[in-house]
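Have a look at the structure below before the remarks.
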Amino acid sequence: MKLTAAELAYVRSQGLYITEKCDGCGTLLNQTVRFTINGKLEVYCSAVCRDRVYFGDRYETRTQAPSAGKPAGTLRKCQQCDQEFTDGRGKGLYCSGRCRLRAYRQRKASAARLKRYAPSAPA
């Protein structure tokens with residue numbers, strides 16, 4: 001995202017030529033290092049910041065959930081139906097293929113709704 005007029009004036013008073021900040025966390029962006037998502041205008045400071053925005057809750061669930069990285073065979077809770085299940089791999093989020101597919105379809109439908117109501121880019 002572009003810097004506001006006040007931020008831009010401060011940065012210029014420091015002798016820097018920076019015009020953008022990260023759309024994820026607000027960190028000032030260096031002109032040479034930019035992380036983007038294909039087909040979107042947002043710019044991010046790092047791959048981690050970009051992935052947090054792109055993957056949303058799923059990324060947080062896999063990296064910071066108390067159950068992340070538990071050994072195989074432990075009891076987990078399905079992210080879709082909240083049913084407890086025994087995971088065979090140690091990283092499963094869903095109790096069955098049905099829940100996994102239902103979650104995928106919900107994500108796909110919400111993305112389509114957001115895309116439909118997003119303002120169109122100027123031609």
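Ligands are numbered from 1 in the order shown, chains are lettered A, B, ... in the order of the structure tokens, and residues start at 1 in each chain.
With only C-alpha atoms taken into account, the protein and nucleic acid residues at most 8 Å from region 94-96 of chain A (excluding it and anything under 2 positions from it in its own chain) are Lys77, Cys78, Gln79, Gln80, Gln83, Glu84, Phe85, Thr86, Asp87, Gly92, Arg98, Cys99 and Arg100 of chain A.
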Would you mind listing what lies within 12 Å of Glu42 (chain A) as a PDB file with N, CA and C atoms, in the first residue's frame, with only C-alpha atoms counted and same-chain residues fewer than 4 positions away left out?
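Output file around-v2.pdb follows:
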ATOM      1  N   MET A   1       0.843  -1.166   0.000  1.00  0.00           N
ATOM      2  CA  MET A   1       0.000   0.000   0.000  1.00  0.00           C
ATOM      3  C   MET A   1       0.891   1.232   0.000  1.00  0.00           C
ATOM      4  N   LYS A   2       0.388   2.279  -0.548  1.00  0.00           N
ATOM      5  CA  LYS A   2       1.147   3.530  -0.631  1.00  0.00           C
ATOM      6  C   LYS A   2       1.213   4.215   0.734  1.00  0.00           C
ATOM      7  N   GLU A  20       6.247   2.663  -0.445  1.00  0.00           N
ATOM      8  CA  GLU A  20       5.239   1.660  -0.121  1.00  0.00           C
ATOM      9  C   GLU A  20       5.518   1.007   1.223  1.00  0.00           C
ATOM     10  N   LYS A  21       4.432   0.434   1.787  1.00  0.00           N
ATOM     11  CA  LYS A  21       4.582  -0.393   2.977  1.00  0.00           C
ATOM     12  C   LYS A  21       3.845  -1.705   2.746  1.00  0.00           C
ATOM     13  N   CYS A  22       4.186  -2.704   3.539  1.00  0.00           N
ATOM     14  CA  CYS A  22       3.630  -4.052   3.406  1.00  0.00           C
ATOM     15  C   CYS A  22       2.121  -4.021   3.642  1.00  0.00           C
ATOM     16  N   ASP A  23       1.370  -4.713   2.782  1.00  0.00           N
ATOM     17  CA  ASP A  23      -0.081  -4.783   2.946  1.00  0.00           C
ATOM     18  C   ASP A  23      -0.469  -5.725   4.079  1.00  0.00           C
ATOM     19  N   GLY A  24       0.448  -6.577   4.514  1.00  0.00           N
ATOM     20  CA  GLY A  24       0.141  -7.503   5.594  1.00  0.00           C
ATOM     21  C   GLY A  24       0.407  -6.938   6.973  1.00  0.00           C
ATOM     22  N   CYS A  25       1.607  -6.381   7.174  1.00  0.00           N
ATOM     23  CA  CYS A  25       1.989  -5.941   8.523  1.00  0.00           C
ATOM     24  C   CYS A  25       2.304  -4.451   8.626  1.00  0.00           C
ATOM     25  N   GLY A  26       2.463  -3.748   7.504  1.00  0.00           N
ATOM     26  CA  GLY A  26       2.712  -2.316   7.537  1.00  0.00           C
ATOM     27  C   GLY A  26       4.177  -1.919   7.585  1.00  0.00           C
ATOM     28  N   ARG A  34      10.414  -7.558  -2.888  1.00  0.00           N
ATOM     29  CA  ARG A  34       8.954  -7.455  -2.873  1.00  0.00           C
ATOM     30  C   ARG A  34       8.372  -8.843  -3.087  1.00  0.00           C
ATOM     31  N   PHE A  35       7.415  -9.217  -2.270  1.00  0.00           N
ATOM     32  CA  PHE A  35       6.736 -10.491  -2.406  1.00  0.00           C
ATOM     33  C   PHE A  35       5.289 -10.214  -2.795  1.00  0.00           C
ATOM     34  N   THR A  36       4.795 -10.894  -3.825  1.00  0.00           N
ATOM     35  CA  THR A  36       3.437 -10.660  -4.312  1.00  0.00           C
ATOM     36  C   THR A  36       2.701 -11.988  -4.469  1.00  0.00           C
ATOM     37  N   ILE A  37       1.394 -11.888  -4.695  1.00  0.00           N
ATOM     38  CA  ILE A  37       0.563 -13.037  -5.047  1.00  0.00           C
ATOM     39  C   ILE A  37       0.170 -12.831  -6.493  1.00  0.00           C
ATOM     40  N   ASN A  38       0.336 -13.852  -7.295  1.00  0.00           N
ATOM     41  CA  ASN A  38       0.074 -13.756  -8.723  1.00  0.00           C
ATOM     42  C   ASN A  38      -1.346 -13.270  -8.992  1.00  0.00           C
ATOM     43  N   CYS A  49       4.825 -13.267   5.589  1.00  0.00           N
ATOM     44  CA  CYS A  49       3.750 -12.271   5.651  1.00  0.00           C
ATOM     45  C   CYS A  49       2.750 -12.514   4.510  1.00  0.00           C
ATOM     46  N   ARG A  50       3.257 -12.765   3.322  1.00  0.00           N
ATOM     47  CA  ARG A  50       2.402 -13.038   2.174  1.00  0.00           C
ATOM     48  C   ARG A  50       1.569 -14.297   2.398  1.00  0.00           C
ATOM     49  N   VAL A  53      -1.388 -13.866   4.799  1.00  0.00           N
ATOM     50  CA  VAL A  53      -2.532 -13.212   4.178  1.00  0.00           C
ATOM     51  C   VAL A  53      -3.221 -14.172   3.213  1.00  0.00           C
ATOM     52  N   TYR A  54      -2.450 -14.882   2.401  1.00  0.00           N
ATOM     53  CA  TYR A  54      -3.017 -15.746   1.363  1.00  0.00           C
ATOM     54  C   TYR A  54      -3.717 -16.960   1.955  1.00  0.00           C
TER      55      TYR A  54
END
Report as a PyMOL selection string: the residues of chain A with a DSSP assignment of alpha helix (DSSP H), based on the backbone of this structure.
chain A and resi 5-13+47-55+57-64+97-117
Write out the residues from the selection above, keeping C-alpha atoms, as a tab-separated table (two decimals), in the first residue's frame.
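Listing of selection_26.tsv after writing:
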chain	number	residue	atom	x	y	z
A	5	ALA	CA	1.40	12.13	2.89
A	6	ALA	CA	2.61	12.45	6.50
A	7	GLU	CA	4.53	9.16	6.35
A	8	LEU	CA	6.03	10.11	3.00
A	9	ALA	CA	7.20	13.47	4.34
A	10	TYR	CA	8.84	11.81	7.35
A	11	VAL	CA	10.60	9.19	5.21
A	12	ARG	CA	11.88	11.87	2.81
A	13	SER	CA	13.13	13.96	5.78
A	47	ALA	CA	7.13	-14.82	2.15
A	48	VAL	CA	5.80	-15.49	5.65
A	49	CYS	CA	3.75	-12.27	5.65
A	50	ARG	CA	2.40	-13.04	2.17
A	51	ASP	CA	1.49	-16.60	3.15
A	52	ARG	CA	-0.32	-15.45	6.30
A	53	VAL	CA	-2.53	-13.21	4.18
A	54	TYR	CA	-3.02	-15.75	1.36
A	55	PHE	CA	-3.63	-18.85	3.46
A	57	ASP	CA	-6.56	-19.35	9.15
A	58	ARG	CA	-5.25	-22.53	7.51
A	59	TYR	CA	-1.67	-21.20	7.72
A	60	GLU	CA	-2.10	-20.22	11.37
A	61	THR	CA	-3.68	-23.58	12.14
A	62	ARG	CA	-0.78	-25.53	10.71
A	63	THR	CA	1.99	-23.42	12.22
A	64	GLN	CA	0.73	-22.30	15.62
A	97	GLY	CA	-12.35	-36.60	2.66
A	98	ARG	CA	-15.93	-35.37	2.85
A	99	CYS	CA	-15.01	-32.67	5.41
A	100	ARG	CA	-11.89	-31.74	3.46
A	101	LEU	CA	-13.91	-31.31	0.27
A	102	ARG	CA	-16.66	-29.38	2.07
A	103	ALA	CA	-14.07	-26.97	3.51
A	104	TYR	CA	-12.50	-26.53	0.06
A	105	ARG	CA	-15.87	-25.75	-1.51
A	106	GLN	CA	-16.66	-23.21	1.21
A	107	ARG	CA	-13.30	-21.47	0.68
A	108	LYS	CA	-13.86	-21.47	-3.06
A	109	ALA	CA	-17.38	-20.00	-2.72
A	110	SER	CA	-16.24	-17.26	-0.32
A	111	ALA	CA	-13.37	-16.33	-2.66
A	112	ALA	CA	-15.84	-16.09	-5.56
A	113	ARG	CA	-18.13	-13.85	-3.48
A	114	LEU	CA	-15.22	-11.57	-2.57
A	115	LYS	CA	-14.11	-11.41	-6.19
A	116	ARG	CA	-17.63	-10.59	-7.34
A	117	TYR	CA	-17.96	-7.64	-4.94
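In this structure, CA of Ser46 (chain A) sits 12.9 Å away from CA of Gln31 (chain A).
The strand (DSSP E or B) portion of chain A consists of A:Lys2, A:Glu20, A:Lys21, A:Leu28, A:Phe35, A:Thr36, A:Val43, A:Tyr44, A:Leu75, A:Arg76, A:Lys77, A:Glu84, A:Phe85, A:Thr86, with states taken from DSSP on the backbone.
Atom to atom, CA of Val33 (chain A) and CA of Leu3 (chain A) stand 16.9 Å apart.
The spacing separating CA of Tyr44 (chain A) from CA of Leu16 (chain A) amounts to 19.0 Å.
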